[in-house]
Structures are given as structure tokens and as C-alpha cells.
>>> print(open('target_22.pdb').read())   # PDB, C-alpha atoms, pLDDT in the B column
ATOM      1  CA  MET G   1       0.745  17.933   5.385  1.00 50.00           C
ATOM      2  CA  SER G   2       2.064  14.355   5.706  1.00 56.00           C
ATOM      3  CA  VAL G   3       0.552  13.678   9.135  1.00 57.00           C
ATOM      4  CA  PRO G   4      -2.951  12.281   8.461  1.00 65.00           C
ATOM      5  CA  GLY G   5      -4.313  12.950  11.962  1.00 70.00           C
ATOM      6  CA  THR G   6      -5.036  10.554  14.785  1.00 85.00           C
ATOM      7  CA  THR G   7      -8.083   8.599  13.591  1.00 91.00           C
ATOM      8  CA  ALA G   8      -9.168   6.570  10.587  1.00 91.00           C
ATOM      9  CA  GLN G   9     -11.659   9.326   9.768  1.00 93.00           C
ATOM     10  CA  ASP G  10      -8.796  11.836   9.645  1.00 94.00           C
ATOM     11  CA  VAL G  11      -7.022   9.574   7.163  1.00 95.00           C
ATOM     12  CA  ILE G  12     -10.156   9.312   5.039  1.00 95.00           C
ATOM     13  CA  ALA G  13     -10.534  13.104   4.978  1.00 96.00           C
ATOM     14  CA  ARG G  14      -6.950  13.549   3.734  1.00 96.00           C
ATOM     15  CA  LEU G  15      -7.334  10.847   1.076  1.00 96.00           C
ATOM     16  CA  GLN G  16     -10.558  12.481  -0.087  1.00 97.00           C
ATOM     17  CA  HIS G  17      -8.716  15.800  -0.370  1.00 97.00           C
ATOM     18  CA  ILE G  18      -6.068  14.171  -2.581  1.00 97.00           C
ATOM     19  CA  ARG G  19      -8.806  12.545  -4.674  1.00 97.00           C
ATOM     20  CA  ASP G  20     -10.425  15.929  -5.245  1.00 97.00           C
ATOM     21  CA  GLU G  21      -7.224  17.762  -6.142  1.00 97.00           C
ATOM     22  CA  LEU G  22      -5.845  15.327  -8.746  1.00 97.00           C
ATOM     23  CA  PRO G  23      -7.039  14.546 -12.275  1.00 97.00           C
ATOM     24  CA  SER G  24      -8.488  11.050 -12.404  1.00 93.00           C
ATOM     25  CA  GLU G  25      -5.910   9.738 -14.897  1.00 93.00           C
ATOM     26  CA  ASP G  26      -2.946  10.676 -12.669  1.00 97.00           C
ATOM     27  CA  GLY G  27      -1.238   7.459 -11.516  1.00 97.00           C
ATOM     28  CA  ALA G  28      -1.068   8.734  -7.941  1.00 98.00           C
ATOM     29  CA  ALA G  29      -4.802   9.455  -8.081  1.00 97.00           C
ATOM     30  CA  VAL G  30      -5.533   5.929  -9.291  1.00 94.00           C
ATOM     31  CA  PHE G  31      -3.761   4.382  -6.312  1.00 95.00           C
ATOM     32  CA  ASN G  32      -5.203   6.937  -3.889  1.00 96.00           C
ATOM     33  CA  ARG G  33      -8.779   6.116  -4.952  1.00 92.00           C
ATOM     34  CA  MET G  34      -8.160   2.427  -4.353  1.00 89.00           C
ATOM     35  CA  TYR G  35      -6.497   3.137  -1.003  1.00 91.00           C
ATOM     36  CA  LEU G  36      -9.411   5.351   0.016  1.00 92.00           C
ATOM     37  CA  THR G  37     -11.821   2.470  -0.629  1.00 88.00           C
ATOM     38  CA  VAL G  38      -9.715   0.110   1.499  1.00 87.00           C
ATOM     39  CA  THR G  39      -9.395   2.666   4.305  1.00 90.00           C
ATOM     40  CA  GLU G  40     -13.151   3.223   4.353  1.00 89.00           C
ATOM     41  CA  SER G  41     -13.601  -0.544   4.705  1.00 85.00           C
ATOM     42  CA  VAL G  42     -11.169  -0.653   7.623  1.00 87.00           C
ATOM     43  CA  ALA G  43     -12.925   2.297   9.288  1.00 88.00           C
ATOM     44  CA  ALA G  44     -16.275   0.523   8.923  1.00 85.00           C
ATOM     45  CA  GLY G  45     -14.763  -2.553  10.584  1.00 84.00           C
ATOM     46  CA  LEU G  46     -13.747  -0.472  13.593  1.00 85.00           C
ATOM     47  CA  VAL G  47     -17.354   0.212  14.582  1.00 81.00           C
ATOM     48  CA  GLY G  48     -20.291  -2.070  15.149  1.00 66.00           C
ATOM     49  CA  ALA G  49     -19.279  -5.532  13.962  1.00 62.00           C
ATOM     50  CA  GLN G  50     -16.505  -7.291  15.851  1.00 75.00           C
ATOM     51  CA  VAL G  51     -14.089  -7.471  12.914  1.00 80.00           C
ATOM     52  CA  PHE G  52     -10.944  -6.810  14.960  1.00 87.00           C
ATOM     53  CA  ARG G  53      -9.820  -8.087  18.345  1.00 88.00           C
ATOM     54  CA  ASN G  54      -8.024  -4.835  19.131  1.00 89.00           C
ATOM     55  CA  PRO G  55      -9.626  -1.880  17.311  1.00 90.00           C
ATOM     56  CA  VAL G  56      -7.249   0.558  19.043  1.00 91.00           C
ATOM     57  CA  PHE G  57      -4.239  -1.207  17.561  1.00 93.00           C
ATOM     58  CA  ILE G  58      -5.787  -1.413  14.083  1.00 92.00           C
ATOM     59  CA  GLU G  59      -6.776   2.251  14.042  1.00 92.00           C
ATOM     60  CA  GLN G  60      -3.274   3.301  15.079  1.00 94.00           C
ATOM     61  CA  LEU G  61      -1.814   0.979  12.440  1.00 94.00           C
ATOM     62  CA  ASP G  62      -4.184   2.500   9.883  1.00 93.00           C
ATOM     63  CA  VAL G  63      -2.983   6.028  10.702  1.00 95.00           C
ATOM     64  CA  THR G  64       0.700   5.080  10.798  1.00 95.00           C
ATOM     65  CA  PHE G  65       0.400   3.112   7.570  1.00 94.00           C
ATOM     66  CA  ALA G  66      -1.324   6.011   5.795  1.00 95.00           C
ATOM     67  CA  SER G  67       1.303   8.483   6.966  1.00 96.00           C
ATOM     68  CA  LEU G  68       3.927   6.673   4.871  1.00 97.00           C
ATOM     69  CA  TRP G  69       1.855   7.065   1.695  1.00 97.00           C
ATOM     70  CA  LEU G  70       1.243  10.720   2.538  1.00 97.00           C
ATOM     71  CA  GLU G  71       4.956  11.317   3.166  1.00 96.00           C
ATOM     72  CA  ALA G  72       5.659   9.973  -0.311  1.00 97.00           C
ATOM     73  CA  TYR G  73       2.855  12.043  -1.835  1.00 97.00           C
ATOM     74  CA  ASP G  74       4.003  15.254  -0.132  1.00 97.00           C
ATOM     75  CA  ALA G  75       7.722  14.714  -0.782  1.00 97.00           C
ATOM     76  CA  PRO G  76       9.580  16.983  -3.227  1.00 96.00           C
ATOM     77  CA  GLU G  77      10.199  15.355  -6.593  1.00 93.00           C
ATOM     78  CA  ASP G  78      13.856  14.718  -5.775  1.00 94.00           C
ATOM     79  CA  ALA G  79      13.114  13.220  -2.351  1.00 97.00           C
ATOM     80  CA  VAL G  80      10.396  10.637  -3.026  1.00 97.00           C
ATOM     81  CA  PRO G  81      11.124   7.448  -1.033  1.00 97.00           C
ATOM     82  CA  LYS G  82      12.807   4.713  -3.087  1.00 97.00           C
ATOM     83  CA  ALA G  83       9.865   2.329  -2.744  1.00 98.00           C
ATOM     84  CA  TRP G  84       7.546   4.942  -4.248  1.00 98.00           C
ATOM     85  CA  ALA G  85       9.820   6.500  -6.867  1.00 98.00           C
ATOM     86  CA  PRO G  86       8.640   4.342  -9.813  1.00 98.00           C
ATOM     87  CA  LEU G  87       4.984   5.319  -9.331  1.00 98.00           C
ATOM     88  CA  PHE G  88       5.713   9.019  -9.109  1.00 98.00           C
ATOM     89  CA  GLU G  89       8.121   8.927 -12.033  1.00 97.00           C
ATOM     90  CA  SER G  90       5.490   7.212 -14.225  1.00 97.00           C
ATOM     91  CA  ARG G  91       2.305   8.804 -12.917  1.00 97.00           C
ATOM     92  CA  HIS G  92       1.669  10.823 -16.114  1.00 97.00           C
ATOM     93  CA  ASP G  93       2.672   8.128 -18.624  1.00 95.00           C
ATOM     94  CA  PRO G  94      -0.307   7.638 -21.006  1.00 92.00           C
ATOM     95  CA  SER G  95       0.961   4.226 -22.119  1.00 89.00           C
ATOM     96  CA  LEU G  96       0.228   2.769 -18.671  1.00 91.00           C
ATOM     97  CA  LEU G  97      -3.191   1.475 -17.687  1.00 87.00           C
ATOM     98  CA  PRO G  98      -4.954   2.287 -14.391  1.00 89.00           C
ATOM     99  CA  VAL G  99      -4.591  -1.250 -13.063  1.00 87.00           C
ATOM    100  CA  GLN G 100      -0.803  -0.940 -13.368  1.00 90.00           C
ATOM    101  CA  PHE G 101      -0.787   2.199 -11.215  1.00 93.00           C
ATOM    102  CA  ALA G 102      -3.125   0.599  -8.678  1.00 90.00           C
ATOM    103  CA  LEU G 103      -1.059  -2.564  -8.260  1.00 90.00           C
ATOM    104  CA  ALA G 104       2.293  -0.778  -8.304  1.00 95.00           C
ATOM    105  CA  GLY G 105       1.028   1.486  -5.524  1.00 95.00           C
ATOM    106  CA  MET G 106      -0.220  -1.480  -3.522  1.00 92.00           C
ATOM    107  CA  ASN G 107       3.119  -3.216  -4.014  1.00 95.00           C
ATOM    108  CA  SER G 108       5.021  -0.193  -2.693  1.00 97.00           C
ATOM    109  CA  HIS G 109       2.646   0.396   0.196  1.00 95.00           C
ATOM    110  CA  ILE G 110       2.336  -3.235   1.284  1.00 94.00           C
ATOM    111  CA  GLY G 111       5.869  -4.374   0.486  1.00 96.00           C
ATOM    112  CA  HIS G 112       7.696  -1.534   2.233  1.00 97.00           C
ATOM    113  CA  ASP G 113       5.328   0.652   4.242  1.00 97.00           C
ATOM    114  CA  LEU G 114       3.290  -2.073   5.917  1.00 95.00           C
ATOM    115  CA  PRO G 115       6.113  -3.839   7.793  1.00 96.00           C
ATOM    116  CA  VAL G 116       7.483  -0.453   8.846  1.00 97.00           C
ATOM    117  CA  ALA G 117       4.045   0.602  10.089  1.00 96.00           C
ATOM    118  CA  VAL G 118       3.524  -2.648  12.015  1.00 96.00           C
ATOM    119  CA  VAL G 119       6.790  -2.170  13.912  1.00 97.00           C
ATOM    120  CA  ARG G 120       6.138   1.513  14.618  1.00 96.00           C
ATOM    121  CA  THR G 121       2.633   0.781  15.878  1.00 96.00           C
ATOM    122  CA  CYS G 122       3.845  -2.023  18.128  1.00 96.00           C
ATOM    123  CA  LEU G 123       6.464   0.279  19.636  1.00 96.00           C
ATOM    124  CA  GLU G 124       3.932   3.070  20.168  1.00 95.00           C
ATOM    125  CA  LEU G 125       1.368   0.794  21.845  1.00 95.00           C
ATOM    126  CA  ASP G 126       3.751  -1.464  23.769  1.00 95.00           C
ATOM    127  CA  ALA G 127       2.714  -4.451  21.683  1.00 95.00           C
ATOM    128  CA  SER G 128       4.633  -7.026  19.651  1.00 96.00           C
ATOM    129  CA  PRO G 129       4.196  -8.841  16.318  1.00 94.00           C
ATOM    130  CA  GLU G 130       4.468 -11.972  18.446  1.00 92.00           C
ATOM    131  CA  ASP G 131       1.162 -11.145  20.182  1.00 92.00           C
ATOM    132  CA  THR G 132      -1.627 -13.422  18.950  1.00 86.00           C
ATOM    133  CA  GLY G 133      -4.108 -10.578  18.638  1.00 89.00           C
ATOM    134  CA  VAL G 134      -1.750  -8.481  16.530  1.00 93.00           C
ATOM    135  CA  ARG G 135      -1.258 -11.247  13.979  1.00 91.00           C
ATOM    136  CA  GLN G 136      -4.974 -12.098  13.890  1.00 89.00           C
ATOM    137  CA  ASP G 137      -5.986  -8.481  13.308  1.00 90.00           C
ATOM    138  CA  TYR G 138      -3.317  -8.152  10.622  1.00 91.00           C
ATOM    139  CA  GLU G 139      -4.823 -11.142   8.846  1.00 87.00           C
ATOM    140  CA  ALA G 140      -8.343  -9.750   9.268  1.00 84.00           C
ATOM    141  CA  VAL G 141      -7.335  -6.796   7.103  1.00 81.00           C
ATOM    142  CA  ASN G 142      -6.342  -9.218   4.321  1.00 77.00           C
ATOM    143  CA  ASP G 143      -9.925  -9.802   3.245  1.00 74.00           C
ATOM    144  CA  LEU G 144     -10.562  -6.058   2.949  1.00 74.00           C
ATOM    145  CA  LEU G 145      -7.470  -5.520   0.819  1.00 75.00           C
ATOM    146  CA  ALA G 146      -8.071  -8.597  -1.308  1.00 74.00           C
ATOM    147  CA  ALA G 147     -11.646  -7.536  -2.078  1.00 74.00           C
ATOM    148  CA  SER G 148     -10.547  -4.101  -3.304  1.00 72.00           C
ATOM    149  CA  GLU G 149      -7.669  -5.497  -5.328  1.00 71.00           C
ATOM    150  CA  SER G 150      -9.915  -8.131  -6.889  1.00 75.00           C
ATOM    151  CA  LYS G 151     -12.442  -5.467  -7.889  1.00 74.00           C
ATOM    152  CA  VAL G 152      -9.747  -3.481  -9.708  1.00 69.00           C
ATOM    153  CA  ARG G 153      -8.538  -6.562 -11.555  1.00 68.00           C
ATOM    154  CA  ARG G 154     -12.074  -7.547 -12.582  1.00 72.00           C
ATOM    155  CA  SER G 155     -12.930  -4.085 -13.848  1.00 70.00           C
ATOM    156  CA  PHE G 156      -9.768  -4.035 -15.931  1.00 63.00           C
ATOM    157  CA  LEU G 157     -10.256  -7.511 -17.374  1.00 62.00           C
ATOM    158  CA  THR G 158     -13.882  -6.732 -18.237  1.00 67.00           C
ATOM    159  CA  GLY G 159     -12.781  -3.599 -20.054  1.00 60.00           C
ATOM    160  CA  ALA G 160     -10.006  -5.476 -21.794  1.00 53.00           C
ATOM    161  CA  GLY G 161     -12.486  -8.090 -22.981  1.00 52.00           C
ATOM    162  CA  ARG G 162     -14.734  -5.420 -24.455  1.00 50.00           C
ATOM    163  CA  ALA G 163     -11.770  -3.841 -26.207  1.00 52.00           C
ATOM    164  CA  ALA G 164     -10.719  -7.190 -27.733  1.00 45.00           C
ATOM    165  CA  ASP G 165      -7.275  -5.692 -28.225  1.00 51.00           C
ATOM    166  CA  ARG G 166      -4.364  -8.082 -28.426  1.00 52.00           C
ATOM    167  CA  LYS G 167      -2.096  -5.412 -27.000  1.00 55.00           C
ATOM    168  CA  VAL G 168      -3.709  -5.784 -23.564  1.00 60.00           C
ATOM    169  CA  GLY G 169      -2.588  -9.419 -23.346  1.00 63.00           C
ATOM    170  CA  PRO G 170       0.857  -8.518 -21.973  1.00 66.00           C
ATOM    171  CA  VAL G 171      -0.782  -6.284 -19.354  1.00 68.00           C
ATOM    172  CA  VAL G 172      -3.056  -9.104 -18.212  1.00 67.00           C
ATOM    173  CA  HIS G 173      -0.032 -11.372 -17.852  1.00 65.00           C
ATOM    174  CA  LEU G 174       1.925  -8.650 -16.041  1.00 69.00           C
ATOM    175  CA  VAL G 175      -0.699  -7.763 -13.446  1.00 69.00           C
ATOM    176  CA  SER G 176      -1.601 -11.415 -12.898  1.00 72.00           C
ATOM    177  CA  SER G 177       1.952 -12.070 -11.762  1.00 77.00           C
ATOM    178  CA  TRP G 178       1.476  -9.965  -8.603  1.00 83.00           C
ATOM    179  CA  ASN G 179      -0.405 -11.595  -5.735  1.00 83.00           C
ATOM    180  CA  ILE G 180      -1.687  -9.580  -2.778  1.00 82.00           C
ATOM    181  CA  ASP G 181      -1.833 -12.530  -0.378  1.00 83.00           C
ATOM    182  CA  LYS G 182       1.808 -13.401  -1.011  1.00 89.00           C
ATOM    183  CA  ALA G 183       2.758  -9.726  -0.745  1.00 91.00           C
ATOM    184  CA  ARG G 184       1.188  -9.466   2.709  1.00 91.00           C
ATOM    185  CA  GLN G 185       2.776 -12.742   3.820  1.00 92.00           C
ATOM    186  CA  VAL G 186       6.189 -11.389   2.847  1.00 96.00           C
ATOM    187  CA  ALA G 187       5.376  -8.057   4.517  1.00 96.00           C
ATOM    188  CA  TRP G 188       4.659  -9.882   7.776  1.00 96.00           C
ATOM    189  CA  VAL G 189       8.002 -11.701   7.613  1.00 97.00           C
ATOM    190  CA  ASN G 190       9.721  -8.360   7.013  1.00 97.00           C
ATOM    191  CA  ALA G 191       7.872  -6.879   9.989  1.00 97.00           C
ATOM    192  CA  GLU G 192       9.178  -9.742  12.143  1.00 97.00           C
ATOM    193  CA  ALA G 193      12.697  -9.168  10.817  1.00 97.00           C
ATOM    194  CA  LEU G 194      12.573  -5.426  11.511  1.00 97.00           C
ATOM    195  CA  TRP G 195      11.166  -6.129  14.966  1.00 97.00           C
ATOM    196  CA  ALA G 196      14.059  -8.485  15.713  1.00 97.00           C
ATOM    197  CA  MET G 197      16.491  -5.728  14.628  1.00 97.00           C
ATOM    198  CA  ARG G 198      14.806  -2.917  16.562  1.00 95.00           C
ATOM    199  CA  HIS G 199      17.672  -2.648  19.058  1.00 95.00           C
ATOM    200  CA  THR G 200      20.310  -2.630  16.301  1.00 95.00           C
ATOM    201  CA  SER G 201      19.432   0.572  14.498  1.00 92.00           C
ATOM    202  CA  SER G 202      22.261   0.541  11.959  1.00 95.00           C
ATOM    203  CA  LEU G 203      21.319  -2.931  10.725  1.00 96.00           C
ATOM    204  CA  ALA G 204      17.615  -2.090  10.718  1.00 96.00           C
ATOM    205  CA  ASP G 205      18.285   1.052   8.675  1.00 96.00           C
ATOM    206  CA  ARG G 206      20.282  -0.901   6.098  1.00 97.00           C
ATOM    207  CA  TYR G 207      17.635  -3.608   5.943  1.00 98.00           C
ATOM    208  CA  ARG G 208      14.860  -1.080   5.403  1.00 97.00           C
ATOM    209  CA  ALA G 209      16.875   0.714   2.702  1.00 97.00           C
ATOM    210  CA  ALA G 210      17.464  -2.576   0.890  1.00 98.00           C
ATOM    211  CA  LEU G 211      13.772  -3.449   1.245  1.00 98.00           C
ATOM    212  CA  ALA G 212      12.771  -0.096  -0.263  1.00 98.00           C
ATOM    213  CA  ARG G 213      15.016  -0.650  -3.285  1.00 98.00           C
ATOM    214  CA  THR G 214      13.746  -4.204  -3.826  1.00 97.00           C
ATOM    215  CA  VAL G 215      10.099  -3.185  -3.527  1.00 98.00           C
ATOM    216  CA  GLY G 216      10.719  -0.246  -5.855  1.00 98.00           C
ATOM    217  CA  MET G 217      12.203  -2.612  -8.426  1.00 97.00           C
ATOM    218  CA  THR G 218       9.051  -4.748  -8.402  1.00 95.00           C
ATOM    219  CA  SER G 219       6.859  -1.656  -8.760  1.00 96.00           C
ATOM    220  CA  ARG G 220       8.958  -0.558 -11.724  1.00 96.00           C
ATOM    221  CA  CYS G 221       8.329  -3.931 -13.378  1.00 93.00           C
ATOM    222  CA  LEU G 222       4.579  -3.583 -12.798  1.00 93.00           C
ATOM    223  CA  LEU G 223       4.785  -0.194 -14.519  1.00 95.00           C
ATOM    224  CA  THR G 224       6.414  -1.544 -17.675  1.00 90.00           C
ATOM    225  CA  PRO G 225       4.696   0.141 -20.671  1.00 85.00           C
ATOM    226  CA  THR G 226       2.764  -2.495 -22.598  1.00 72.00           C
ATOM    227  CA  ALA G 227       0.207  -0.401 -24.436  1.00 58.00           C
ATOM    228  CA  PRO G 228       0.693   2.269 -27.136  1.00 56.00           C
ATOM    229  CA  SER G 229       0.916   5.852 -25.829  1.00 52.00           C
TER     230      SER G 229
END
>>> encode(input="target_22.pdb", output="C-alpha cells")
Amino acid sequence: MSVPGTTAQDVIARLQHIRDELPSEDGAAVFNRMYLTVTESVAAGLVGAQVFRNPVFIEQLDVTFASLWLEAYDAPEDAVPKAWAPLFESRHDPSLLPVQFALAGMNSHIGHDLPVAVVRTCLELDASPEDTGVRQDYEAVNDLLAASESKVRRSFLTGAGRAADRKVGPVVHLVSSWNIDKARQVAWVNAEALWAMRHTSSLADRYRAALARTVGMTSRCLLTPTAPS
């Protein structure tokens, strides 16, 4: 079930299936809903308006990127990838707020999966992260991701203001410490590093394993319980 298909629409269909099969409060469902919104935005940018220089590359990146989330989602409990383990371990914790699940999922997906997906897509399409068009299209996706992430933050902060609960203060501080633009900048550097190591598989494997552990550690911090269960 991990393979999402070959098009952005195939990815959307699989994400919709996950949305429909999970209860809304499930941490995995929270991230999946946000990811579905982003993926729909990317798919819309592939048709009509000239959002991307190379729509073929972006659609393949979209599919490859999604496959890493779906591999984590479909994995047995004892085989969830290190970068994703904190989200799946905490997905039913009632003391965590939806924004924590959303940002922890984005951290795992962007911090680890995105550089891996960039390298895989470049290899599949005989491209390179050094190509001007690849970097420009990568940056074009930033606005789509930032808009979705900003919407989640705003909805949470609005709800927190209505609640007027001092206990949400630590959550506001926690989620404000994670920045999507910086995360994607670091992901690009890691993509360049993995690309440079592509002919040295043992080093690349160790680097990716270390990256997964580091990204997982950050996600675990974002999932620190700060509200009463």
C-alpha cells in the first residue's frame, strides 16, 4: 500500500483514503489532513498557471516525497522509520494539541524525507540539485507549504486566545520555535550533501541514518506534553 501511484492525483486519492479511515483526533490524521491540503495545492500548480519551470520534475518529486510518508504510515509498529517514530508513538496522546502533531509531522517529512526525495527524483529523471530549474521549482513549493503551515498556526492561536488558558502558553512558545523556511533551507543543504555522497553508499547510508535520528529528536521535542490530559 505504500506506493502512492505515479501522479499527484494518485497521491491525493491515497491521502484522502487515509483521511477517511482515521478518527480526526489521531495525530497521524492531523498531519495527513495538512499534507493533503499542501498536495492539492501542488497539484493545482501543475496545471494551468506557470507555477513551476519543470512540472514533470515536480510531479515526480511529489510522488516520491509522498511515498516516504506512506511507507511510515504503512509500516508495522516496530518498524516505523526513526524520523517518524515520535509521531506514531504519540499519535493517541490526549495531552497533545493538533498543532503539535501537524508541525512534528512536517518536521519529520521536510527534515528527513524531503532531501531523500530530491536525490531520488534527480536520479530517476537524470537531473541534479545543481540544475537551476530544480532549485527554483523547489523554492516555488515553499510558498505553498508556508501558507498551509501558517493557517494551522493561526487557527491554533485563535483557539488558544478564545480559551484564555495559561496552560497553552508553553505550547505557543514550543510551536513558535519551529520555522518552516529554515527547515526547508536545511533540507536543501542535506539534499546537496546526499547528492555529493551518492557514489559512496556506505557513507550516504550512515548520513541518512544520523539525519533520521536528529530529525526524530526534534519531532519528539515538538511533541512534548504541555497541556493536561
>>> closest_atom_pairs(input="target_22.pdb", of="segment 98-136 of chain G", to="segment 46-56 of chain G", cutoff="10 Å", atoms="only C-alpha atoms", output="tab-separated table")
residue	atom	partner	partner_atom	distance
G:Leu125	CA	G:Val56	CA	9.1
G:Thr132	CA	G:Arg53	CA	9.8
G:Gly133	CA	G:Arg53	CA	6.2
G:Val134	CA	G:Asn54	CA	7.7
G:Gln136	CA	G:Arg53	CA	7.7
>>> resolve_selection(input="target_22.pdb", expression="the PyMOL selection byres ((chain G and resi 188) around 12)", output="MDAnalysis selection string")
chainID G and resid 110:119 129:130 134:136 138:139 142 181:187 189:195
>>> closest_residue(input="target_22.pdb", among="G:Ala8, G:Val30, G:Cys122, G:Ala75", to="Leu96 of chain G", atoms="all atoms listed in the file")
G:Val30
>>> residues_around(input="target_22.pdb", residues="segment 11-25 of chain G", least_positions_apart="6", cutoff="10 Å", atoms="only C-alpha atoms", output="ChimeraX atom specification")
/G:1-5,31-33,35-40,43,62-67,69-70,73,91-94,97-98,101
>>> resolve_selection(input="target_22.pdb", expression="the PyMOL selection byres ((chain G and resi 77-86) around 8)", output="PyMOL selection string")
chain G and resi 72-73+75-76+87-90+105+108+112+212-217+219-220+223
>>> atom_distance(input="target_22.pdb", atom1="atom CA of Ser176 of chain G", atom2="atom CA of Leu145 of chain G")
16.0 Å
